[in-house]
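Participant: Structure file entry-v4.cif (mmCIF, C-alpha atoms and all ligand atoms) is given on the next line.
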```
data_upload
loop_
_atom_site.label_atom_id
_atom_site.label_comp_id
_atom_site.auth_asym_id
_atom_site.auth_seq_id
_atom_site.Cartn_x
_atom_site.Cartn_y
_atom_site.Cartn_z
CA MET A 27 0.26 21.47 -3.60
CA LEU A 28 -0.76 19.81 -0.31
CA TYR A 29 -4.26 20.62 1.03
CA GLU A 30 -4.63 19.96 4.75
CA TYR A 31 -7.86 19.37 6.71
CA GLU A 32 -8.76 18.51 10.28
CA THR A 33 -11.44 15.91 9.54
CA VAL A 34 -12.79 14.45 6.31
CA ALA A 35 -14.73 11.30 5.42
CA SER A 36 -11.87 9.98 3.29
CA THR A 37 -8.95 11.89 1.77
CA ASN A 38 -9.32 9.76 -1.40
CA LEU A 39 -12.80 11.24 -1.92
CA ILE A 40 -11.57 14.80 -1.37
CA ALA A 41 -8.78 14.18 -3.89
CA ALA A 42 -11.15 12.64 -6.46
CA ASN A 43 -11.46 15.71 -8.68
CA LEU A 44 -8.11 17.37 -8.05
CA GLU A 45 -5.37 17.86 -10.62
CA PRO A 46 -2.36 15.53 -10.87
CA TRP A 47 0.46 16.24 -8.42
CA THR A 48 -1.87 17.67 -5.79
CA ALA A 49 -2.44 15.93 -2.47
CA VAL A 50 -4.77 15.96 0.52
CA ARG A 51 -3.91 15.23 4.16
CA ALA A 52 -6.34 15.06 7.07
CA ASP A 53 -5.75 14.71 10.79
CA THR A 54 -8.59 12.20 11.04
CA GLN A 55 -10.96 10.39 8.68
CA THR A 56 -14.48 9.41 9.68
CA SER A 57 -14.85 6.81 6.87
CA GLY A 58 -11.31 5.74 6.09
CA ARG A 59 -11.43 2.87 3.61
CA GLY A 60 -9.23 -0.06 2.72
CA ARG A 61 -9.44 -2.33 -0.30
CA PHE A 62 -12.79 -4.05 -1.01
CA GLN A 63 -14.54 -1.45 1.22
CA ARG A 64 -12.77 -2.67 4.36
CA THR A 65 -12.58 -0.14 7.21
CA TRP A 66 -9.35 1.76 7.75
CA VAL A 67 -8.95 3.13 11.30
CA SER A 68 -7.81 6.76 10.92
CA ASP A 69 -7.40 8.19 14.39
CA LEU A 70 -5.56 11.36 15.41
CA GLY A 71 -1.77 11.17 15.10
CA GLY A 72 -1.54 9.01 11.95
CA LEU A 73 -0.78 10.03 8.39
CA TRP A 74 -3.87 9.94 6.17
CA LEU A 75 -2.81 11.17 2.78
CA SER A 76 -4.05 10.98 -0.82
CA ALA A 77 -2.01 11.96 -3.85
CA VAL A 78 -3.33 12.49 -7.37
CA VAL A 79 -0.99 11.10 -10.00
CA PRO A 80 -1.21 10.81 -13.79
CA LEU A 81 -2.01 7.28 -14.94
CA GLY A 82 -0.66 6.06 -18.29
CA GLU A 83 -2.97 4.17 -20.60
CA GLY A 84 -3.06 0.39 -20.58
CA GLU A 85 -3.42 -2.49 -18.19
CA ILE A 86 0.24 -2.58 -17.28
CA HIS A 87 0.22 0.90 -15.75
CA ARG A 88 -2.99 0.16 -13.87
CA ARG A 89 -1.47 -3.04 -12.45
CA ALA A 90 1.94 -1.58 -11.70
CA LEU A 91 0.87 1.62 -9.94
CA PRO A 92 -0.23 0.01 -6.62
CA LEU A 93 3.04 -1.94 -6.49
CA ALA A 94 5.13 1.09 -7.44
CA ALA A 95 3.37 3.10 -4.72
CA GLY A 96 4.36 0.42 -2.17
CA LEU A 97 7.95 0.72 -3.35
CA ALA A 98 7.79 4.52 -2.90
CA ILE A 99 6.61 4.19 0.72
CA CYS A 100 9.40 1.69 1.47
CA ASN A 101 11.94 4.08 -0.10
CA GLY A 102 10.66 6.92 2.11
CA LEU A 103 10.90 4.72 5.21
CA HIS A 104 14.47 3.77 4.29
CA ASP A 105 15.27 7.51 4.20
CA LEU A 106 14.05 7.71 7.79
CA GLY A 107 16.46 4.95 8.74
CA ILE A 108 13.88 2.16 8.90
CA SER A 109 15.51 -0.74 7.10
CA GLU A 110 13.50 -3.80 8.11
CA VAL A 111 10.52 -2.97 5.96
CA ARG A 112 8.84 -5.51 3.74
CA LEU A 113 5.79 -5.63 1.52
CA ARG A 114 2.89 -8.07 1.81
CA TRP A 115 1.12 -8.36 -1.52
CA PRO A 116 -0.16 -6.13 -2.96
CA ASN A 117 1.14 -3.19 -0.97
CA ASP A 118 0.82 -3.60 2.80
CA VAL A 119 3.96 -2.22 4.42
CA LEU A 120 5.05 -4.42 7.33
CA VAL A 121 7.75 -4.04 9.93
CA HIS A 122 8.50 -7.17 11.99
CA GLY A 123 5.29 -8.79 10.76
CA ARG A 124 2.95 -5.95 11.72
CA LYS A 125 1.22 -3.49 9.43
CA LEU A 126 2.72 -0.02 9.45
CA ALA A 127 1.01 1.29 6.31
CA GLY A 128 -1.58 0.38 3.71
CA LEU A 129 -2.41 1.79 0.31
CA LEU A 130 -5.67 2.19 -1.56
CA ILE A 131 -5.62 3.19 -5.24
CA ASP A 132 -8.82 4.65 -6.70
CA GLN A 133 -9.54 5.86 -10.18
CA PHE A 134 -12.34 8.40 -10.34
CA VAL A 135 -11.33 10.22 -13.53
CA ALA A 136 -9.73 8.87 -16.73
CA GLY A 137 -6.00 9.45 -16.97
CA ARG A 138 -5.31 9.95 -13.27
CA ALA A 139 -5.37 7.89 -10.10
CA VAL A 140 -5.67 8.69 -6.41
CA VAL A 141 -3.05 6.97 -4.27
CA GLY A 142 -4.33 6.80 -0.69
CA ILE A 143 -1.67 6.24 1.94
CA GLY A 144 -2.45 5.32 5.55
CA LEU A 145 0.56 5.16 7.86
CA ASN A 146 0.45 4.78 11.62
CA VAL A 147 2.67 7.33 13.35
CA LYS A 148 1.68 8.25 16.93
CA ASN A 149 -1.96 7.18 16.71
CA GLN A 150 -3.27 4.09 18.50
CA PRO A 151 -5.52 2.23 16.08
CA GLU A 152 -5.95 -0.75 18.41
CA LYS A 153 -7.80 1.53 20.85
CA CYS A 154 -10.44 2.12 18.14
CA ASP A 155 -10.51 -1.51 16.99
CA PRO A 156 -9.24 -4.06 19.55
CA ASN A 157 -8.97 -6.64 16.73
CA LEU A 158 -5.91 -4.72 15.54
CA ALA A 159 -4.00 -5.36 18.78
CA ASN A 160 -0.68 -7.12 17.96
CA HIS A 161 -1.22 -6.53 14.23
CA VAL A 162 -0.24 -2.89 13.86
CA ARG A 163 3.04 -1.02 13.91
CA ARG A 164 3.57 2.75 14.33
CA LEU A 165 6.47 4.98 13.41
CA ALA A 166 6.59 5.98 17.08
CA ASP A 167 7.48 2.33 17.89
CA LEU A 168 10.46 2.55 15.53
CA LEU A 169 11.76 6.10 15.86
CA SER A 170 12.24 8.07 19.06
CA ASN A 171 11.33 11.27 17.22
CA PRO A 172 9.02 10.66 14.24
CA PRO A 173 8.73 13.52 11.74
CA GLU A 174 5.82 15.96 11.87
CA LEU A 175 2.94 14.80 9.68
CA PRO A 176 3.26 17.53 6.97
CA ASP A 177 7.00 16.78 6.65
CA LEU A 178 6.35 13.05 6.46
CA ALA A 179 3.69 13.70 3.80
CA ARG A 180 6.14 15.72 1.69
CA LEU A 181 8.83 13.04 1.97
CA LEU A 182 6.47 10.28 0.80
CA LEU A 183 4.99 12.46 -1.96
CA ALA A 184 8.50 13.14 -3.33
CA HIS A 185 9.22 9.39 -3.45
CA LEU A 186 5.85 8.68 -5.03
CA LYS A 187 6.45 11.26 -7.74
CA ARG A 188 9.85 9.72 -8.50
CA VAL A 189 8.48 6.19 -9.01
CA VAL A 190 5.42 7.36 -10.96
CA ILE A 191 7.67 9.26 -13.38
CA GLU A 192 9.98 6.25 -13.64
CA LEU A 193 7.00 4.01 -14.40
CA ALA A 194 5.83 6.38 -17.13
CA ASP A 195 9.31 6.74 -18.65
CA ASN A 196 10.69 3.21 -18.38
CA GLY A 197 7.67 0.94 -17.81
CA SER A 198 7.21 -1.59 -15.05
CA PRO A 199 10.06 -4.12 -15.63
CA SER A 200 12.71 -1.86 -14.08
CA LEU A 201 10.51 -1.30 -11.03
CA SER A 202 9.38 -4.91 -10.64
CA LEU A 203 12.96 -6.02 -10.00
CA ARG A 204 13.13 -3.68 -7.00
CA ILE A 205 9.59 -4.48 -5.88
CA ASN A 206 10.33 -8.21 -5.94
CA LYS A 207 13.17 -7.67 -3.46
CA LEU A 208 10.67 -6.24 -0.95
CA TRP A 209 8.49 -9.34 -0.40
CA GLY A 210 11.09 -11.09 1.74
CA VAL A 211 11.49 -14.87 1.64
CA PRO A 212 9.08 -17.01 -0.46
CA ARG A 213 5.95 -17.82 1.52
CA THR A 214 3.18 -20.33 1.33
CA VAL A 215 0.00 -18.32 0.94
CA GLU A 216 -3.73 -18.81 0.60
CA LEU A 217 -5.50 -16.63 -1.93
CA ASP A 218 -9.17 -15.76 -1.61
CA LEU A 219 -10.18 -15.45 -5.25
CA ASN A 220 -13.54 -13.84 -4.50
CA GLY A 221 -14.70 -16.90 -2.57
CA ARG A 222 -12.56 -19.64 -4.14
CA LEU A 223 -9.55 -20.48 -1.95
CA CYS A 224 -6.29 -21.58 -3.46
CA ARG A 225 -2.87 -22.31 -1.93
CA GLY A 226 0.64 -22.15 -3.30
CA THR A 227 3.95 -20.35 -3.01
CA PHE A 228 3.96 -16.61 -3.63
CA THR A 229 7.13 -15.80 -5.57
CA GLY A 230 6.53 -12.14 -6.47
CA VAL A 231 5.10 -10.33 -9.45
CA ASP A 232 5.80 -10.69 -13.17
CA SER A 233 6.97 -7.84 -15.39
CA GLU A 234 3.32 -6.90 -15.96
CA GLY A 235 2.63 -6.61 -12.23
CA ARG A 236 0.57 -9.82 -11.87
CA LEU A 237 0.89 -11.98 -8.74
CA ILE A 238 2.75 -15.24 -9.41
CA LEU A 239 1.57 -18.33 -7.51
CA VAL A 240 3.40 -21.65 -7.88
CA ASP A 241 1.47 -24.81 -7.01
CA HIS A 242 2.89 -28.08 -5.60
CA SER A 243 3.62 -29.37 -9.12
CA GLY A 244 5.62 -26.26 -10.00
CA THR A 245 2.96 -24.78 -12.28
CA GLN A 246 2.78 -20.99 -12.25
CA SER A 247 -0.52 -19.09 -12.21
CA PHE A 248 -0.86 -15.32 -12.63
CA TYR A 249 -3.45 -13.12 -10.94
CA ASP A 250 -4.46 -9.51 -11.32
CA ALA A 251 -5.01 -7.59 -8.06
CA HIS A 252 -8.77 -7.23 -8.53
CA GLU A 253 -9.12 -11.05 -8.72
CA VAL A 254 -7.56 -11.55 -5.26
CA ARG A 255 -9.77 -10.44 -2.40
CA HIS A 256 -7.25 -11.41 0.23
CA LEU A 257 -3.81 -13.01 0.52
CA THR A 258 -3.07 -14.80 3.79
CA GLU A 259 0.55 -15.63 4.52
CA LEU A 260 0.68 -19.14 6.00
CA HIS A 261 4.39 -19.69 6.63
CA CYS A 262 7.83 -19.12 5.16
CA LEU A 263 9.53 -21.82 3.13
CA PRO A 264 12.73 -23.15 4.73
C1 LIG A 301 -5.41 -1.01 3.08
O1 LIG A 301 -6.51 -1.79 2.83
O2 LIG A 301 -4.45 -1.35 3.71
C2 LIG A 301 -5.51 0.40 2.49
C3 LIG A 301 -5.53 1.47 3.53
C4 LIG A 301 -5.53 2.84 2.89
C5 LIG A 301 -5.84 3.91 3.88
C6 LIG A 301 -5.65 5.28 3.27
S1 LIG A 301 -5.71 6.54 4.48
C7 LIG A 301 -5.79 7.73 3.24
C8 LIG A 301 -6.73 7.20 2.18
N1 LIG A 301 -8.12 7.47 2.50
C9 LIG A 301 -8.83 6.35 2.68
O3 LIG A 301 -10.05 6.32 2.96
N2 LIG A 301 -8.02 5.28 2.54
C10 LIG A 301 -6.67 5.67 2.21
P1 LIG A 301 -6.60 -3.36 3.14
O4 LIG A 301 -5.43 -4.06 2.54
O5 LIG A 301 -7.97 -3.73 2.67
O6 LIG A 301 -6.48 -3.45 4.69
C11 LIG A 301 -7.54 -3.12 5.52
C12 LIG A 301 -7.33 -3.87 6.82
O7 LIG A 301 -6.23 -3.31 7.54
C13 LIG A 301 -8.52 -3.76 7.77
O8 LIG A 301 -9.49 -4.75 7.48
C14 LIG A 301 -7.85 -3.98 9.13
O9 LIG A 301 -7.64 -5.36 9.36
C15 LIG A 301 -6.48 -3.35 8.93
N3 LIG A 301 -6.42 -1.98 9.45
C16 LIG A 301 -7.41 -1.06 9.59
N4 LIG A 301 -6.94 0.09 10.06
C17 LIG A 301 -5.60 -0.09 10.26
C18 LIG A 301 -4.55 0.74 10.72
N5 LIG A 301 -4.72 2.02 11.07
N6 LIG A 301 -3.30 0.20 10.77
C19 LIG A 301 -3.05 -1.07 10.42
N7 LIG A 301 -4.01 -1.91 9.96
C20 LIG A 301 -5.27 -1.41 9.88
#
```
For the file at hand, write its structure as structure tokens.

Facilitator:
Amino acid sequence: MLYEYETVASTNLIAANLEPWTAVRADTQTSGRGRFQRTWVSDLGGLWLSAVVPLGEGEIHRRALPLAAGLAICNGLHDLGISEVRLRWPNDVLVHGRKLAGLLIDQFVAGRAVVGIGLNVKNQPEKCDPNLANHVRRLADLLSNPPELPDLARLLLAHLKRVVIELADNGSPSLSLRINKLWGVPRTVELDLNGRLCRGTFTGVDSEGRLILVDHSGTQSFYDAHEVRHLTELHCLP
């Protein structure tokens, strides 16, 4: 079931108390949110969508869901013929280095999660926030005829359902192999660990969904998503 609205504060909040496998789409959001309460520009013409999904018990499911959701969006984009998609940890969807989509996972009720998906389509976020100029990508930049928003929502929801069921049935290792192919080449990154900065090479995620950082001596460290406030990509390794 997909509920559709003209304007809401945030589709994640509207979805907070809905049953699993329902979803909410709005034409605009007045308080669209990113991770760590960052602002998400949600102007007319973009896809602002939240899906309620069942969440298995245990840390591994909680860690893997945001990554699996990123995989689902990439799969949906591949269906539309967009092949040069990559993920920036944890689940920013980039095309040619610019952000096409972002995901925000909330848990309001035990046993289910809200997967918030923001995807630029024909909207112009840089007109609302000039800081986004040269940082954002839109489907309209990539496709001459992007799908209508309800159709796009249904496509992404179908992919999300598929990966969520796979995660529940088979666990995260089978998904992490595919997710690890989506980061692109290894990159030197700087992590903001809630104020403490640390540099190394990002090499993907482990089978439990934790970020793997390798320092100059080759030592691996593992981080859960809530420990990393921000990941900045510095440059690619040769
Ligand atoms: C995200 O956060 O990327 C998660 C975005 C999730 C938005 C969806 S829309 C439906 C649902 N309802 C909500 O209220 N939220 C979800 P984060 O990784 O923290 O990135 C936030 C940063 O992305 C901002 O600080 C800006 O730099 C940038 N940004 C803001 N609006 C953008 C846009 N429309 N397109 C690309 N980048 C944007």

Participant: Let me have all residues with an atom within 6 Å of ligand LIG 301 (chain A), counting all atoms listed in the file, laid out as a count of residues only.

Facilitator: 27

Participant: Provide the atom CA of Ile238 of chain A to atom CA of Asp132 of chain A distance in Å, to one decimal place.

Facilitator: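 Atom CA of Ile238 of chain A sits 23.2 Å away from atom CA of Asp132 of chain A.
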
Participant: Kindly provide the residues of segment 146-166 of chain A that approach segment 103-107 of chain A to within 12 Å, each paired with its closest atom pair and their distance in Å to one decimal, based on all atoms listed in the file, listed by chain and increasing number, as CSV.

Facilitator:
```
residue,atom,partner,partner_atom,distance
A:Val147,CA,A:Leu103,CA,11.9
A:Arg164,CA,A:Leu103,CA,11.9
A:Leu165,CA,A:Leu103,CA,9.3
```

Participant: Report as a list in words all protein, DNA and RNA residues lying within 10 Å of Ala166 of chain A, evaluated on only C-alpha atoms, omitting residues in the same chain fewer than 2 positions from it.

Facilitator: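 My list of contacting residues is Asn146, Val147, Lys148, Asn149, Arg163, Arg164, Leu168, Leu169, Ser170, Asn171, Pro172 and Pro173 of chain A.
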
Participant: Taking into account all atoms listed in the file, which residue in the set A:Pro176, A:Gly123, A:Ala95, A:Phe134 is nearest to His261 of chain A?

Facilitator: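 Among A:Pro176, A:Gly123, A:Ala95, A:Phe134, it is A:Gly123 that comes nearest to His261 of chain A.
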
Participant: Atom CA of Leu203 of chain A and atom CA of Asp167 of chain A are how many Å apart?

Facilitator: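 These atoms are spaced 29.6 Å apart.
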
Participant: Which of these residues is nearest to Trp209 of chain A, using only C-alpha atoms: A:Gly235, A:Gly197, A:Pro116, A:Gly82?

Facilitator: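 Residue with the minimum atom-to-atom distance to Trp209 of chain A: A:Pro116.
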
Participant: I'd like the interatomic distance between atom CA of Pro199 of chain A and atom CA of Asp232 of chain A, to a tenth of an Å.

Facilitator: 8.2 Å

Participant: At a cut-off of 10 Å from (-3.3, -22.4, -2.4) in the coordinates of the file, what residues are picked up using only C-alpha atoms, written as a list in words?

Facilitator: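 Every polymer residue passing the test: Thr214, Val215, Glu216, Leu217, Asp218, Arg222, Leu223, Cys224, Arg225, Gly226, Thr227, Phe228, Leu239, Val240, Asp241, His242, Leu257, Thr258 and Leu260 of chain A.
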